[in-house]
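Dumped run_37.cif below, it's mmCIF, C-alpha atoms:
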```
data_query
loop_
_atom_site.label_atom_id
_atom_site.label_comp_id
_atom_site.auth_asym_id
_atom_site.auth_seq_id
_atom_site.Cartn_x
_atom_site.Cartn_y
_atom_site.Cartn_z
CA MET A 23 148.57 73.69 136.68
CA SER A 24 147.01 75.01 133.58
CA GLY A 25 143.30 74.71 133.02
CA PRO A 26 141.63 72.87 130.18
CA THR A 27 142.48 74.05 126.77
CA LYS A 28 139.74 76.12 125.16
CA VAL A 29 138.64 75.11 121.74
CA ASP A 30 137.58 77.71 119.19
CA ASP A 31 134.09 76.68 118.14
CA THR A 32 134.52 78.38 114.79
CA THR A 33 137.32 75.97 113.81
CA ALA A 34 136.36 72.86 115.73
CA ALA A 35 133.59 71.85 113.35
CA PRO A 36 132.79 72.62 109.76
CA ALA A 37 130.14 75.25 109.18
CA PRO A 38 126.75 73.75 108.50
CA ALA A 39 125.53 73.88 104.96
CA ARG A 40 123.29 76.81 104.22
CA LYS A 41 119.65 75.97 104.01
CA GLN A 42 117.14 77.27 101.58
CA ARG A 43 115.52 80.38 102.86
CA SER A 44 112.71 82.52 101.72
CA GLY A 45 113.38 86.01 100.46
CA THR A 46 112.54 88.62 97.92
CA ILE A 47 112.97 88.21 94.21
CA PRO A 48 116.50 89.13 93.01
CA ALA A 49 116.89 92.61 91.56
CA ARG A 50 117.47 91.37 88.02
CA TRP A 51 114.16 89.47 88.06
CA ARG A 52 112.37 92.54 89.33
CA TRP A 53 113.74 94.54 86.42
CA ILE A 54 112.67 91.80 84.01
CA ALA A 55 109.18 91.81 85.55
CA LEU A 56 108.98 95.59 85.20
CA ALA A 57 110.10 95.41 81.58
CA LEU A 58 107.47 92.76 80.81
CA LEU A 59 104.81 94.81 82.59
CA LEU A 60 105.73 97.91 80.59
CA ALA A 61 105.71 95.92 77.35
CA ALA A 62 102.24 94.60 78.19
CA ALA A 63 101.08 98.15 78.96
CA VAL A 64 102.31 99.34 75.55
CA TYR A 65 100.73 96.36 73.78
CA ALA A 66 97.35 96.51 75.56
CA PRO A 67 95.64 99.45 73.76
CA PHE A 68 96.08 97.79 70.39
CA GLN A 69 94.16 94.70 71.54
CA LEU A 70 91.31 96.22 73.56
CA VAL A 71 88.11 97.98 72.58
CA PRO A 72 88.03 101.78 73.15
CA PHE A 73 86.00 101.57 76.38
CA HIS A 74 88.50 99.19 77.98
CA VAL A 75 91.35 101.41 76.82
CA PHE A 76 89.59 104.30 78.55
CA GLN A 77 89.32 102.25 81.75
CA LEU A 78 93.05 101.47 81.72
CA THR A 79 93.76 105.15 81.12
CA MET A 80 91.76 106.05 84.20
CA VAL A 81 93.66 103.39 86.18
CA LEU A 82 96.88 105.23 85.30
CA VAL A 83 95.34 108.55 86.33
CA TYR A 84 94.26 107.18 89.71
CA ALA A 85 97.63 105.46 90.18
CA VAL A 86 99.44 108.81 89.85
CA ALA A 87 97.05 110.42 92.34
CA LEU A 88 97.52 107.51 94.77
CA LEU A 89 101.27 107.75 94.32
CA GLY A 90 101.14 111.23 95.83
CA LEU A 91 98.85 110.14 98.63
CA ASN A 92 101.21 107.26 99.33
CA LEU A 93 104.10 109.68 99.84
CA LEU A 94 102.09 111.49 102.51
CA VAL A 95 100.31 108.60 104.24
CA GLY A 96 102.45 105.56 103.52
CA HIS A 97 105.93 107.09 103.73
CA ALA A 98 105.55 110.22 105.87
CA GLY A 99 102.96 108.77 108.26
CA GLN A 100 100.52 111.69 107.92
CA ILE A 101 96.80 111.38 107.22
CA SER A 102 94.74 113.15 104.57
CA LEU A 103 91.04 113.04 103.80
CA GLY A 104 91.29 115.88 101.31
CA HIS A 105 93.47 114.47 98.55
CA GLY A 106 90.63 114.86 96.06
CA ALA A 107 90.88 118.63 96.54
CA PHE A 108 94.42 118.70 95.11
CA PHE A 109 93.23 116.42 92.31
CA ALA A 110 90.55 119.02 91.54
CA ILE A 111 93.06 121.88 91.67
CA GLY A 112 95.17 120.21 89.00
CA ALA A 113 92.12 119.44 86.88
CA TYR A 114 90.75 122.98 87.06
CA THR A 115 94.15 124.57 86.49
CA SER A 116 94.50 122.64 83.25
CA ALA A 117 90.90 123.31 82.22
CA VAL A 118 91.06 127.06 82.88
CA LEU A 119 94.39 127.42 81.08
CA VAL A 120 93.08 125.61 78.00
CA ASP A 121 89.59 127.15 77.95
CA ARG A 122 90.34 130.73 79.00
CA LEU A 123 93.92 131.25 77.84
CA ASP A 124 94.23 128.71 75.01
CA VAL A 125 97.40 127.21 76.52
CA PRO A 126 98.64 124.00 74.77
CA TYR A 127 97.67 120.85 76.63
CA LEU A 128 101.16 119.59 77.38
CA LEU A 129 102.18 122.95 78.81
CA THR A 130 99.36 122.78 81.35
CA LEU A 131 100.95 119.73 82.98
CA PRO A 132 103.92 121.48 84.68
CA LEU A 133 101.72 124.48 85.47
CA ALA A 134 99.09 122.31 87.15
CA ALA A 135 101.84 120.53 89.08
CA ALA A 136 103.31 123.85 90.21
CA VAL A 137 99.96 125.30 91.33
CA ALA A 138 99.06 122.14 93.26
CA PHE A 139 102.53 122.09 94.85
CA LEU A 140 102.19 125.69 96.05
CA VAL A 141 98.69 125.13 97.41
CA GLY A 142 99.81 121.95 99.16
CA PHE A 143 102.80 123.75 100.62
CA GLY A 144 100.60 126.58 101.86
CA LEU A 145 98.13 124.21 103.50
CA GLY A 146 100.94 122.08 104.87
CA VAL A 147 102.37 124.93 106.96
CA PRO A 148 99.43 125.13 109.41
CA ALA A 149 98.72 121.40 109.16
CA MET A 150 102.25 120.48 110.27
CA ARG A 151 101.34 121.33 113.86
CA LEU A 152 98.52 118.78 113.86
CA ARG A 153 98.43 115.02 113.85
CA GLY A 154 96.01 112.14 113.95
CA LEU A 155 92.32 112.95 114.12
CA TYR A 156 92.87 116.71 114.11
CA LEU A 157 94.91 116.56 110.91
CA ALA A 158 92.29 114.31 109.30
CA LEU A 159 89.54 116.82 110.13
CA VAL A 160 91.51 119.74 108.69
CA THR A 161 92.16 117.92 105.41
CA LEU A 162 88.51 116.82 105.30
CA ALA A 163 87.45 120.46 105.66
CA ILE A 164 89.59 121.34 102.64
CA ALA A 165 87.73 118.80 100.51
CA ILE A 166 84.37 120.04 101.79
CA PHE A 167 84.75 123.76 101.12
CA LEU A 168 86.43 123.35 97.71
CA VAL A 169 83.22 122.35 95.90
CA PRO A 170 81.18 125.46 96.86
CA LEU A 171 84.30 127.57 96.24
CA LEU A 172 84.52 126.30 92.67
CA LYS A 173 80.84 127.05 92.14
CA ARG A 174 81.27 130.57 93.51
CA PHE A 175 83.68 131.82 90.81
CA GLU A 176 81.43 131.07 87.85
CA GLU A 177 83.19 133.35 85.38
CA LEU A 178 86.44 131.46 85.85
CA THR A 179 85.40 127.89 86.63
CA GLY A 180 82.04 127.68 84.87
CA GLY A 181 80.20 127.34 88.17
CA SER A 182 77.93 124.34 88.64
CA MET A 183 77.91 123.68 84.88
CA GLY A 184 81.68 123.21 84.77
CA LEU A 185 83.86 123.51 81.69
CA THR A 186 83.73 121.40 78.54
CA LEU A 187 86.99 121.06 76.63
CA PRO A 188 88.14 119.44 73.40
CA LYS A 189 90.36 116.43 74.02
CA PRO A 190 93.96 116.36 72.76
CA VAL A 191 94.05 115.30 69.12
CA PRO A 192 96.58 112.60 68.19
CA PRO A 193 99.23 113.83 65.74
CA ALA A 194 98.93 112.52 62.20
CA TRP A 195 102.33 110.81 62.33
CA SER A 196 101.29 108.62 65.27
CA GLY A 197 98.57 106.71 63.44
CA LEU A 198 96.74 106.35 66.77
CA ALA A 199 93.08 106.69 67.57
CA GLU A 200 92.02 109.28 70.15
CA ASP A 201 91.59 106.76 72.97
CA GLN A 202 94.99 105.21 72.25
CA TRP A 203 96.71 108.61 72.16
CA LEU A 204 95.20 109.60 75.50
CA TYR A 205 96.27 106.26 76.95
CA PHE A 206 99.88 106.74 75.90
CA LEU A 207 99.89 110.29 77.25
CA ALA A 208 98.67 108.95 80.61
CA LEU A 209 101.17 106.08 80.47
CA GLY A 210 104.08 108.44 79.80
CA VAL A 211 103.07 110.72 82.67
CA ALA A 212 102.60 107.73 85.01
CA VAL A 213 106.02 106.25 84.19
CA LEU A 214 107.69 109.62 84.74
CA ALA A 215 105.81 110.12 88.03
CA PHE A 216 106.83 106.71 89.35
CA LEU A 217 110.47 107.32 88.39
CA VAL A 218 110.44 110.63 90.23
CA ALA A 219 108.82 109.08 93.30
CA ALA A 220 111.25 106.14 93.34
CA SER A 221 114.24 108.50 93.09
CA LEU A 222 112.82 110.67 95.86
CA LEU A 223 112.29 107.73 98.21
CA ARG A 224 115.81 106.38 97.62
CA SER A 225 117.36 109.72 98.51
CA ARG A 226 118.06 111.31 101.88
CA VAL A 227 114.58 112.83 101.67
CA GLY A 228 112.97 109.39 101.58
CA ARG A 229 114.96 108.25 104.61
CA ALA A 230 113.92 111.38 106.48
CA LEU A 231 110.24 110.78 105.67
CA HIS A 232 110.49 107.21 106.94
CA ALA A 233 112.15 108.44 110.13
CA VAL A 234 109.30 110.91 110.68
CA ARG A 235 106.77 108.16 110.08
CA ASP A 236 108.38 105.65 112.43
CA ASN A 237 109.23 107.92 115.36
CA GLU A 238 109.05 111.69 115.27
CA ILE A 239 111.00 112.19 118.50
CA ALA A 240 113.85 109.95 117.37
CA ALA A 241 113.87 111.61 113.95
CA GLU A 242 114.17 115.05 115.53
CA VAL A 243 117.01 113.86 117.76
CA MET A 244 118.84 112.64 114.66
CA GLY A 245 118.59 116.10 113.10
CA VAL A 246 115.51 115.72 110.90
CA ARG A 247 113.56 118.97 110.70
CA LEU A 248 110.02 117.76 111.27
CA SER A 249 108.29 120.95 110.15
CA SER A 250 110.16 121.09 106.84
CA TYR A 251 109.62 117.48 105.87
CA LYS A 252 105.99 117.38 106.94
CA THR A 253 105.25 120.49 104.88
CA LEU A 254 107.17 119.18 101.88
CA ALA A 255 105.35 115.84 102.14
CA PHE A 256 102.06 117.71 101.76
CA ALA A 257 103.44 119.70 98.84
CA TRP A 258 104.80 116.65 96.99
CA SER A 259 101.59 114.74 97.61
CA ALA A 260 99.55 117.64 96.23
CA MET A 261 101.86 117.94 93.22
CA PHE A 262 101.29 114.33 92.13
CA ALA A 263 97.55 114.74 92.67
CA GLY A 264 97.62 117.90 90.55
CA VAL A 265 99.40 116.04 87.76
CA ALA A 266 96.76 113.31 87.91
CA GLY A 267 93.99 115.91 87.82
CA CYS A 268 95.55 117.52 84.74
CA VAL A 269 95.64 114.21 82.87
CA TYR A 270 92.07 113.56 84.04
CA THR A 271 91.01 116.75 82.27
CA TRP A 272 92.68 115.59 79.05
CA VAL A 273 90.97 112.20 79.21
CA ILE A 274 87.46 113.28 80.25
CA GLY A 275 87.30 116.64 78.45
CA PHE A 276 85.03 118.00 81.17
CA VAL A 277 85.38 119.28 84.73
CA SER A 278 82.61 120.01 87.21
CA PRO A 279 82.64 120.71 90.97
CA ASP A 280 80.40 117.70 91.55
CA SER A 281 83.14 115.44 90.18
CA PHE A 282 85.42 116.31 93.11
CA THR A 283 83.31 115.84 96.20
CA VAL A 284 84.47 114.38 99.52
CA ASN A 285 83.62 110.93 98.16
CA LEU A 286 86.59 111.18 95.80
CA SER A 287 89.01 111.81 98.67
CA ILE A 288 87.62 108.92 100.71
CA THR A 289 87.68 106.62 97.68
CA LEU A 290 91.31 107.48 96.97
CA LEU A 291 92.33 106.81 100.58
CA ALA A 292 90.44 103.50 100.57
CA GLY A 293 92.08 102.52 97.29
CA LEU A 294 95.53 103.23 98.70
CA VAL A 295 94.87 101.22 101.86
CA VAL A 296 93.60 98.29 99.77
CA GLY A 297 96.51 98.56 97.34
CA GLY A 298 99.13 98.78 100.06
CA LEU A 299 100.68 101.64 102.01
CA GLY A 300 104.37 102.35 101.61
CA SER A 301 104.78 100.34 98.40
CA LEU A 302 105.35 101.58 94.86
CA SER A 303 103.08 98.85 93.54
CA GLY A 304 100.32 99.79 95.99
CA PRO A 305 99.10 102.83 93.97
CA VAL A 306 98.77 100.69 90.82
CA LEU A 307 96.78 98.01 92.62
CA GLY A 308 94.73 100.73 94.30
CA GLY A 309 94.04 102.34 90.93
CA LEU A 310 92.75 99.03 89.60
CA PHE A 311 90.54 98.67 92.67
CA VAL A 312 89.12 102.20 92.42
CA MET A 313 88.41 101.88 88.70
CA PHE A 314 87.12 98.36 88.24
CA VAL A 315 85.31 97.44 91.47
CA PRO A 316 82.57 100.12 91.12
CA SER A 317 82.34 99.46 87.38
CA ILE A 318 81.86 95.71 87.78
CA SER A 319 79.51 96.22 90.72
CA GLN A 320 77.34 98.57 88.66
CA ASP A 321 76.67 95.74 86.22
CA ILE A 322 75.26 93.65 89.07
CA ASN A 323 72.91 96.21 90.56
CA ASP A 324 72.61 99.98 90.73
CA ALA A 325 72.87 99.84 94.52
CA ALA A 326 75.68 97.28 94.53
CA PRO A 327 78.81 99.48 94.08
CA GLY A 328 78.77 100.97 97.57
CA VAL A 329 77.96 97.66 99.26
CA ILE A 330 80.53 95.61 97.34
CA PHE A 331 83.15 98.34 97.67
CA GLY A 332 82.77 98.37 101.45
CA LEU A 333 82.67 94.59 101.80
CA LEU A 334 85.82 94.18 99.70
CA ILE A 335 87.65 96.73 101.83
CA ILE A 336 86.71 94.79 104.97
CA LEU A 337 87.73 91.50 103.36
CA VAL A 338 91.10 92.80 102.15
CA MET A 339 91.87 94.34 105.55
CA TYR A 340 91.06 91.01 107.21
CA VAL A 341 93.05 88.84 104.80
CA ALA A 342 95.85 91.31 104.03
CA PRO A 343 96.23 94.07 106.66
CA GLN A 344 99.14 95.51 104.64
CA GLY A 345 97.08 95.63 101.45
CA LEU A 346 97.30 93.66 98.25
CA ALA A 347 100.95 94.65 97.75
CA GLY A 348 101.77 93.35 101.23
CA LEU A 349 99.94 90.11 100.52
CA ALA A 350 101.94 89.64 97.32
CA GLY A 351 105.15 90.34 99.24
CA ARG A 352 104.30 87.70 101.84
CA LEU A 353 103.65 85.13 99.13
CA ILE A 354 106.94 85.96 97.41
CA LYS A 355 108.87 85.54 100.66
CA LYS A 356 107.53 82.00 100.96
CA ILE A 357 109.26 81.03 97.73
CA PRO A 358 112.43 79.13 98.75
CA ARG A 359 115.67 80.04 97.05
CA LYS A 360 119.27 78.89 97.45
CA GLU A 361 122.09 81.22 98.34
#
```
When written as structure tokens, how does the structure in this file appear?
Amino acid sequence: MSGPTKVDDTTAAPAPARKQRSGTIPARWRWIALALLLAAAVYAPFQLVPFHVFQLTMVLVYAVALLGLNLLVGHAGQISLGHGAFFAIGAYTSAVLVDRLDVPYLLTLPLAAAVAFLVGFGLGVPAMRLRGLYLALVTLAIAIFLVPLLKRFEELTGGSMGLTLPKPVPPAWSGLAEDQWLYFLALGVAVLAFLVAASLLRSRVGRALHAVRDNEIAAEVMGVRLSSYKTLAFAWSAMFAGVAGCVYTWVIGFVSPDSFTVNLSITLLAGLVVGGLGSLSGPVLGGLFVMFVPSISQDINDAAPGVIFGLLIILVMYVAPQGLAGLAGRLIKKIPRKE
């Protein structure tokens, strides 16, 4: 006697209607948002006073530096307390080339990137054997000894007095003021840097860095060469910092060892953590934080910047452990959308 007939559940009842679910914004809307953001960035310098244009220019400079730090910390899972040292290397490379060798400004950009890349690669070789607190201490030592090193070679770096440089002059055909020209130079470099970083992270290299960050043992089992990718992560991070330092020299027109102390490295790391690790929008938000929070705090009280800066870091970490970019992502995911 045959048993009861089995009924296929997939055909016995109609599939329930799909419910609204939260998710990320569709790709086309992200591209539209990026286009609108870029259009606003192009429009901004024509509507702001020169000082505010300068502030936005510095935001772009810091965003490029944080983009490199994000590759190392956010995507490769390494730690660095010496990112300001690579920033200084790019700045001084550009300054020395312009002041001592009369190299055109734009040509100093790839040269500064190359020098910072090589230095980062060289420092990454011994650092690849370290992790955690030990790696943090090594990178901190780099930031500490760079300042007296720059002061030591006075004939080349200008010593404690630094180097004063003329700023890039806008071409006559542009019709731009000096502050606007510097802004668009920084904007062009920032856009190019973010495109390079996005392409890098979408490639096999980006997947390897994420594997190293998530689980080094599993990554090595899957064939990822830990030593190579850790060293390259340092080199790429240093390269972006060197590019930012070069543009910094164009914008400020002055470099001094006291501009690149350990405080700069700590501030950059704090800005990245507040902006959001592992996100392309995190460096931009971090750049805004690094530029505007101390500036606004200074208007309140001379002693306020450090206090407010620290309190805001604590507040952001409490409200948004993944940074401002992570908070924005959580809010976006709560927006219901239909399939």
* Given the PyMOL selection byres ((chain A and resi 218-231) around 7), the residues it picks as a count of residues only -> 12
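Interatomic distance, atom CA of Ala85 of chain A to atom CA of Val306 of chain A: 4.9 Å.
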* **Nearby residues (only C-alpha atoms) at most 9 Å from segment 144-147 of chain A, same-chain spacing under 2 positions excluded, as a PyMOL selection string** => chain A and resi 139-142+149-151+161+249-250+252-257
What would the file look like if the residues just selected were written as an mmCIF file, in the frame of the given file with C-alpha atoms?
```
data_model
loop_
_atom_site.group_PDB
_atom_site.id
_atom_site.type_symbol
_atom_site.label_atom_id
_atom_site.label_comp_id
_atom_site.auth_asym_id
_atom_site.auth_seq_id
_atom_site.Cartn_x
_atom_site.Cartn_y
_atom_site.Cartn_z
ATOM 1 C CA PHE A 139 102.530 122.090 94.850
ATOM 2 C CA LEU A 140 102.190 125.690 96.050
ATOM 3 C CA VAL A 141 98.690 125.130 97.410
ATOM 4 C CA GLY A 142 99.810 121.950 99.160
ATOM 5 C CA ALA A 149 98.720 121.400 109.160
ATOM 6 C CA MET A 150 102.250 120.480 110.270
ATOM 7 C CA ARG A 151 101.340 121.330 113.860
ATOM 8 C CA THR A 161 92.160 117.920 105.410
ATOM 9 C CA SER A 249 108.290 120.950 110.150
ATOM 10 C CA SER A 250 110.160 121.090 106.840
ATOM 11 C CA LYS A 252 105.990 117.380 106.940
ATOM 12 C CA THR A 253 105.250 120.490 104.880
ATOM 13 C CA LEU A 254 107.170 119.180 101.880
ATOM 14 C CA ALA A 255 105.350 115.840 102.140
ATOM 15 C CA PHE A 256 102.060 117.710 101.760
ATOM 16 C CA ALA A 257 103.440 119.700 98.840
#
```
* Asked: Hey, what comes out of the PyMOL selection byres ((chain A and resi 332) around 12) on this file? Could you write it as a list in words?
  ->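 For this structure, the PyMOL selection byres ((chain A and resi 332) around 12) captures Ile288, Thr289, Ala292, Gly293, Val296, Phe311, Val312, Val315, Pro316, Ser319, Ala326, Pro327, Gly328, Val329, Ile330, Phe331, Leu333, Leu334, Ile335, Ile336, Leu337, Val338 and Met339 of chain A.
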* Return the single residue from A:Gln320, A:Asn285, A:Thr271, A:Ser259 that is closest to Gln100 of chain A, with distances computed using all atoms listed in the file. =>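 Comparing A:Gln320, A:Asn285, A:Thr271, A:Ser259 against Gln100 of chain A, the winner is A:Ser259.
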* Residues in the PyMOL selection byres ((chain A and resi 208) around 8), expressed as a list in words -> Thr79, Leu82, Val83, Leu204, Tyr205, Phe206, Leu207, Leu209, Gly210, Val211, Ala212 and Val269 of chain A
* To do: Point out the residue among A:Val64, A:Leu168, A:Val341, A:Leu128 with the least atom-to-atom distance to Gln202 of chain A, counting only C-alpha atoms.
  =>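 Closest candidate: A:Val64.
Using all atoms listed in the file for every distance, the candidate list A:Ile318, A:Leu299, A:Val95, A:Ala57 yields A:Leu299 as the residue closest to Gly345 of chain A.
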* Which of A:Met261, A:Ala342, A:Val71, A:Ile101 sits closest to Leu162 of chain A [using only C-alpha atoms] ->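 Of the candidates, the smallest distance to Leu162 of chain A is held by A:Ile101.
With distances restricted to only C-alpha atoms, A:Phe108 is the closest residue to Trp258 of chain A from A:Phe108, A:Ile322, A:Leu56, A:Gln69.
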* Structure fact -> In Å and to one decimal, atom CA of Asp236 of chain A is distant from atom CA of Gly99 of chain A by 7.5 Å
* To do: Rank nothing, just name the residue among A:Gly275, A:Phe167, A:Trp203, A:Gly106 nearest to Pro67 of chain A, using only C-alpha atoms.
  => A:Trp203
* Straight-line distance linking atom CA of Pro193 of chain A with atom CA of Pro72 of chain A, stated in Å to one decimal ->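 Separation between atom CA of Pro193 of chain A and atom CA of Pro72 of chain A: 18.0 Å.
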